[in-house]
Every structure is written in C-alpha cells, then in structure tokens.
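Student: Here it is, the structure, as structure tokens.
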Amino acid sequence: MRVLLVEDDEMIGESIRKGLQLDGYVVDWVQDGRAAEIAVESEPYALVLLDLGLPRKDGFSVLASIRARRDRVPVLILTARDAVSDRVKGLDAGADDYLVKPFDLDELAARMRAVLRRHAGRAEPMVTHGALALNPVTHEVMYRRQPIPVSAREFALLQALLEHPGVPLSRTQLEERLYGWGEEVASNSVEVHVHNLRKKLGEGTIRTIRGVGYSIASEDNSAAA
C-alpha cells in the first residue's frame, strides 16, 4: 500500500519512513507543502500523512487544496500542535484523524489501519473474500482457513485487488501501488507476482482481463478454485 509522508523534519521523517516500510508500506516522502500538492496531484495514494508546520505551504493550506479538488484521499495529520482549536480546525477542514507528536509508531500504524478501514467502508480488521482472508495487522493470508506464505508485494497486490472485488486494475495501476519513487520496476514484475499468487491460491483466484489488467475472482469462483 502506497502512502505519502509530508514531513520537513529529517529525523522524524526518516524514522516514520523506515518504520512504515518495515510494516509493509510503500512510502514516498516530501518535505514541503508545495511538493506535497504536486505529489497528490500526480500519484494515487491510499493515505497522506501530513505535518502542519511545513515550508513553502503550511499543512492546513495543503489539506484545503486537496479537498478543494474533491480528492477523497484519507489524510492523517501528524503535528506537535496539541491545542484543541488546532485539532478542531484540522478535522473540520477534512482531515480523517489527528495525531499529536511525539507518538509511538505502533499507534500511528493502528490509526492508519483504522482510517483505511473507514475509508473502505469496513469496521472489521480482517479483509475477507470467499475462502480468502487477509489480515492487514499481521500481513497474514489465509486461504480455506490455511495460512499461505506471501511476500510483502504479493500481499500488497492482493490487498489492492480486494479493495474493489471484480474491478480490474491495470499493470500500471498495480505498479503504482507496489513501488515508490526511485524503486526499480521490472517490466514483468506484476505478472511474476500474479503467477506466484496463482500457484499458492489456485489459478482461478486472480482473473486476467485481456487488454485491461487483473481482478479478483467472484466469491463463488474464489471459493471453488
């Protein structure tokens, strides 16, 4: 899952980025408000982690510009500003959550998962589809109640497809979810991940839509695979 981190403090930003990468996230990191606006306009992010005290353009202005474009990307504010008035202002401006520094990375990860669940219209932590179940907390995959070992990118690909079952995603869309800035992407990387998942979960689990991309099979087909 690809997220945008907007943080101008080098030490804090590097700590958050490393922690989230260990948790399986793809993290793009920018350090000023204008760069954040450009990134959100050009890349599809699952979530934006937004500091408020930014150079070039402050976080409140960045949030306002995102919502003015009717962009529904979830935004989690990360800031040292702990005044109630700032929290109210941020939430009323369209933020989905507000976390005050300093914070524990485990709490950040938990809040991110909660925001993403709400955005997807789910209350439960597990993502299920037919015989397939994904646990975003532990990054475990269960198929027919049996644990299936998967790589971080295989998990991310499955999660992307399960966000909208039956809706095909192109290779480019999947690459954007699996790889961040500067990461080398082999021309057949998505195909390799799909091939490996089919070997583990059955050929019928992931469908190829010719000329379009890939989609997760219907629940009936998934259960029968």
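In the structure tokens, chains take the letters A, B, ... in the order shown, each chain's residues start at 1, and ligands count up from 1 in the order shown.
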If you run DSSP over the backbone, which residues in region 36-208 of chain A end up helix (DSSP H, G or I)? Put them as a ChimeraX atom specification.

Tutor: /A:36-42,59-68,84-92,105-120,152-163,171-178,189-201

Student: Keeping C-alpha atoms, export the residues of the selection given above as a short mmCIF file (atom, residue, chain, number, x, y, z; two decimals), in the first residue's frame.

Tutor:
data_model
loop_
_atom_site.label_atom_id
_atom_site.label_comp_id
_atom_site.auth_asym_id
_atom_site.auth_seq_id
_atom_site.Cartn_x
_atom_site.Cartn_y
_atom_site.Cartn_z
CA ALA A 36 3.03 17.57 -1.29
CA GLU A 37 0.41 19.17 -3.55
CA ILE A 38 2.33 18.12 -6.68
CA ALA A 39 2.70 14.56 -5.38
CA VAL A 40 -1.01 14.18 -4.55
CA GLU A 41 -1.98 15.57 -7.95
CA SER A 42 0.31 13.17 -9.81
CA GLY A 59 -0.32 21.79 6.15
CA PHE A 60 -3.74 23.44 6.57
CA SER A 61 -3.36 25.03 3.11
CA VAL A 62 -2.29 21.70 1.60
CA LEU A 63 -5.31 19.99 3.12
CA ALA A 64 -7.61 22.73 1.84
CA SER A 65 -6.25 22.38 -1.70
CA ILE A 66 -6.69 18.59 -1.61
CA ARG A 67 -10.32 18.88 -0.55
CA ALA A 68 -10.99 21.76 -2.96
CA VAL A 84 -7.93 21.74 20.88
CA SER A 85 -8.57 24.59 18.43
CA ASP A 86 -5.97 23.17 16.01
CA ARG A 87 -7.47 19.68 16.26
CA VAL A 88 -10.94 21.03 15.57
CA LYS A 89 -9.66 23.12 12.66
CA GLY A 90 -7.87 20.15 11.11
CA LEU A 91 -10.79 17.75 11.41
CA ASP A 92 -13.29 20.34 10.19
CA LEU A 105 4.90 4.14 15.66
CA ASP A 106 2.60 1.30 16.68
CA GLU A 107 -0.16 3.82 17.44
CA LEU A 108 0.44 5.53 14.09
CA ALA A 109 0.15 2.20 12.27
CA ALA A 110 -3.05 1.36 14.15
CA ARG A 111 -4.60 4.75 13.35
CA MET A 112 -3.62 4.34 9.69
CA ARG A 113 -5.37 0.97 9.56
CA ALA A 114 -8.47 2.44 11.23
CA VAL A 115 -8.61 5.35 8.76
CA LEU A 116 -8.19 2.98 5.81
CA ARG A 117 -10.96 0.69 7.13
CA ARG A 118 -13.36 3.61 7.48
CA HIS A 119 -12.46 4.85 4.01
CA ALA A 120 -13.19 1.38 2.59
CA ALA A 152 5.22 -8.13 1.08
CA ARG A 153 4.46 -7.20 -2.53
CA GLU A 154 2.25 -10.23 -3.08
CA PHE A 155 0.26 -9.17 -0.02
CA ALA A 156 0.04 -5.59 -1.31
CA LEU A 157 -1.17 -6.78 -4.71
CA LEU A 158 -3.87 -8.96 -3.16
CA GLN A 159 -4.94 -6.11 -0.90
CA ALA A 160 -5.21 -3.74 -3.87
CA LEU A 161 -7.40 -6.17 -5.81
CA LEU A 162 -9.60 -6.88 -2.79
CA GLU A 163 -10.38 -3.21 -2.19
CA ARG A 171 -0.50 -3.31 -14.65
CA THR A 172 0.38 0.39 -14.33
CA GLN A 173 -2.14 0.90 -11.52
CA LEU A 174 -0.74 -2.10 -9.64
CA GLU A 175 2.85 -0.93 -10.14
CA GLU A 176 1.87 2.43 -8.66
CA ARG A 177 0.57 0.63 -5.57
CA LEU A 178 3.59 -1.65 -5.17
CA SER A 189 7.12 -7.69 -12.12
CA VAL A 190 3.32 -7.62 -11.76
CA GLU A 191 2.97 -10.71 -13.94
CA VAL A 192 5.51 -12.54 -11.76
CA HIS A 193 3.63 -11.64 -8.55
CA VAL A 194 0.31 -12.74 -10.10
CA HIS A 195 1.86 -16.01 -11.28
CA ASN A 196 3.22 -16.74 -7.79
CA LEU A 197 -0.11 -15.96 -6.14
CA ARG A 198 -1.98 -18.22 -8.54
CA LYS A 199 0.39 -21.08 -7.67
CA LYS A 200 -0.37 -20.55 -3.98
CA LEU A 201 -4.10 -19.78 -4.16
#

Student: In chain A, what's strand (DSSP E) per DSSP? Answer as a ChimeraX atom specification?

Tutor: /A:2-6,26-30,47-50,75-79,97-100,127-129,132-135,140-143,146-148,206-209,213-216

Student: Would you output that residue set with C-alpha atoms, as a tab-separated table (two decimals), in the first residue's frame?

Tutor:
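Saved to out.tsv:
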chain	number	residue	atom	x	y	z
A	2	ARG	CA	1.44	3.34	-1.07
A	3	VAL	CA	1.33	6.36	1.24
A	4	LEU	CA	2.63	9.93	1.07
A	5	LEU	CA	4.57	11.24	4.05
A	6	VAL	CA	4.76	15.04	4.30
A	26	VAL	CA	5.48	1.86	0.17
A	27	VAL	CA	6.38	5.38	1.37
A	28	ASP	CA	7.02	8.48	-0.74
A	29	TRP	CA	8.43	11.30	1.39
A	30	VAL	CA	8.32	15.04	0.64
A	47	LEU	CA	-3.26	7.70	2.55
A	48	VAL	CA	-1.49	11.03	3.21
A	49	LEU	CA	0.41	11.64	6.47
A	50	LEU	CA	0.52	15.43	6.78
A	75	VAL	CA	-5.46	12.45	5.39
A	76	LEU	CA	-3.96	11.84	8.83
A	77	ILE	CA	-2.44	14.96	10.39
A	78	LEU	CA	0.83	14.44	12.32
A	79	THR	CA	1.82	17.54	14.28
A	97	ASP	CA	-7.62	11.82	12.03
A	98	TYR	CA	-5.20	13.95	14.06
A	99	LEU	CA	-2.18	12.58	15.93
A	100	VAL	CA	0.00	14.73	18.19
A	127	VAL	CA	-10.44	-8.39	4.76
A	128	THR	CA	-12.36	-11.44	3.54
A	129	HIS	CA	-13.48	-12.59	0.12
A	132	LEU	CA	-9.61	-15.81	1.12
A	133	ALA	CA	-8.80	-13.70	4.21
A	134	LEU	CA	-6.16	-11.00	4.69
A	135	ASN	CA	-5.01	-9.57	7.99
A	140	GLU	CA	-1.01	-12.86	7.02
A	141	VAL	CA	-3.04	-14.52	4.28
A	142	MET	CA	-5.43	-17.38	4.96
A	143	TYR	CA	-6.97	-19.48	2.19
A	146	GLN	CA	-4.93	-22.40	5.99
A	147	PRO	CA	-2.02	-19.92	6.29
A	148	ILE	CA	-0.42	-19.04	2.96
A	206	ILE	CA	-6.99	-13.82	-9.91
A	207	ARG	CA	-8.56	-13.22	-13.32
A	208	THR	CA	-6.79	-11.75	-16.33
A	209	ILE	CA	-8.95	-9.26	-18.22
A	213	GLY	CA	-5.49	-5.90	-16.35
A	214	TYR	CA	-6.32	-8.14	-13.38
A	215	SER	CA	-9.20	-8.55	-10.97
A	216	ILE	CA	-10.02	-10.79	-8.07

Student: Can you work out the spacing between CA of Ile16 (chain A) and CA of Leu169 (chain A) in Å, to one decimal?

Tutor: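 One can read the CA of Ile16 (chain A) to CA of Leu169 (chain A) distance as 28.9 Å.
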
Student: Work out how far CA of Thr138 (chain A) is from CA of Ser187 (chain A), in Å to one decimal.

Tutor: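 Pair CA of Ser187 (chain A) / CA of Thr138 (chain A) returns 29.4 Å.
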
Student: Just want the 10 Å neighbourhood of Pro55 (chain A), counted on only C-alpha atoms, with same-chain residues fewer than 2 positions away dropped. Output as a CSV table (one decimal) with C-alpha atoms, in the first residue's frame.

Tutor:
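Writing done, so here's out24.csv:
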chain,number,residue,atom,x,y,z
A,7,GLU,CA,7.3,15.9,7.0
A,8,ASP,CA,10.1,18.6,7.0
A,31,GLN,CA,9.4,17.9,2.9
A,32,ASP,CA,7.4,20.9,1.9
A,33,GLY,CA,3.8,21.8,1.2
A,34,ARG,CA,4.1,22.6,-2.5
A,35,ALA,CA,5.9,19.3,-3.1
A,52,LEU,CA,1.2,21.2,9.6
A,53,GLY,CA,4.4,23.3,10.1
A,57,LYS,CA,2.9,26.0,2.1
A,58,ASP,CA,1.6,25.0,5.5
A,59,GLY,CA,-0.3,21.8,6.2

Student: Could you check the closest approach to His139 (chain A) for each of A:Tyr25, A:Arg17, A:Glu10, A:Asp96 and tell me which residue wins, using only C-alpha atoms?

Tutor: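 Of A:Tyr25, A:Arg17, A:Glu10, A:Asp96, the one nearest His139 (chain A) is A:Tyr25, counting only C-alpha atoms.
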
Student: Take CA of Gly94 (chain A) and CA of Asp51 (chain A) and report the distance between them in Å, one decimal.

Tutor: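 Separation of CA of Gly94 (chain A) and CA of Asp51 (chain A): 14.2 Å.
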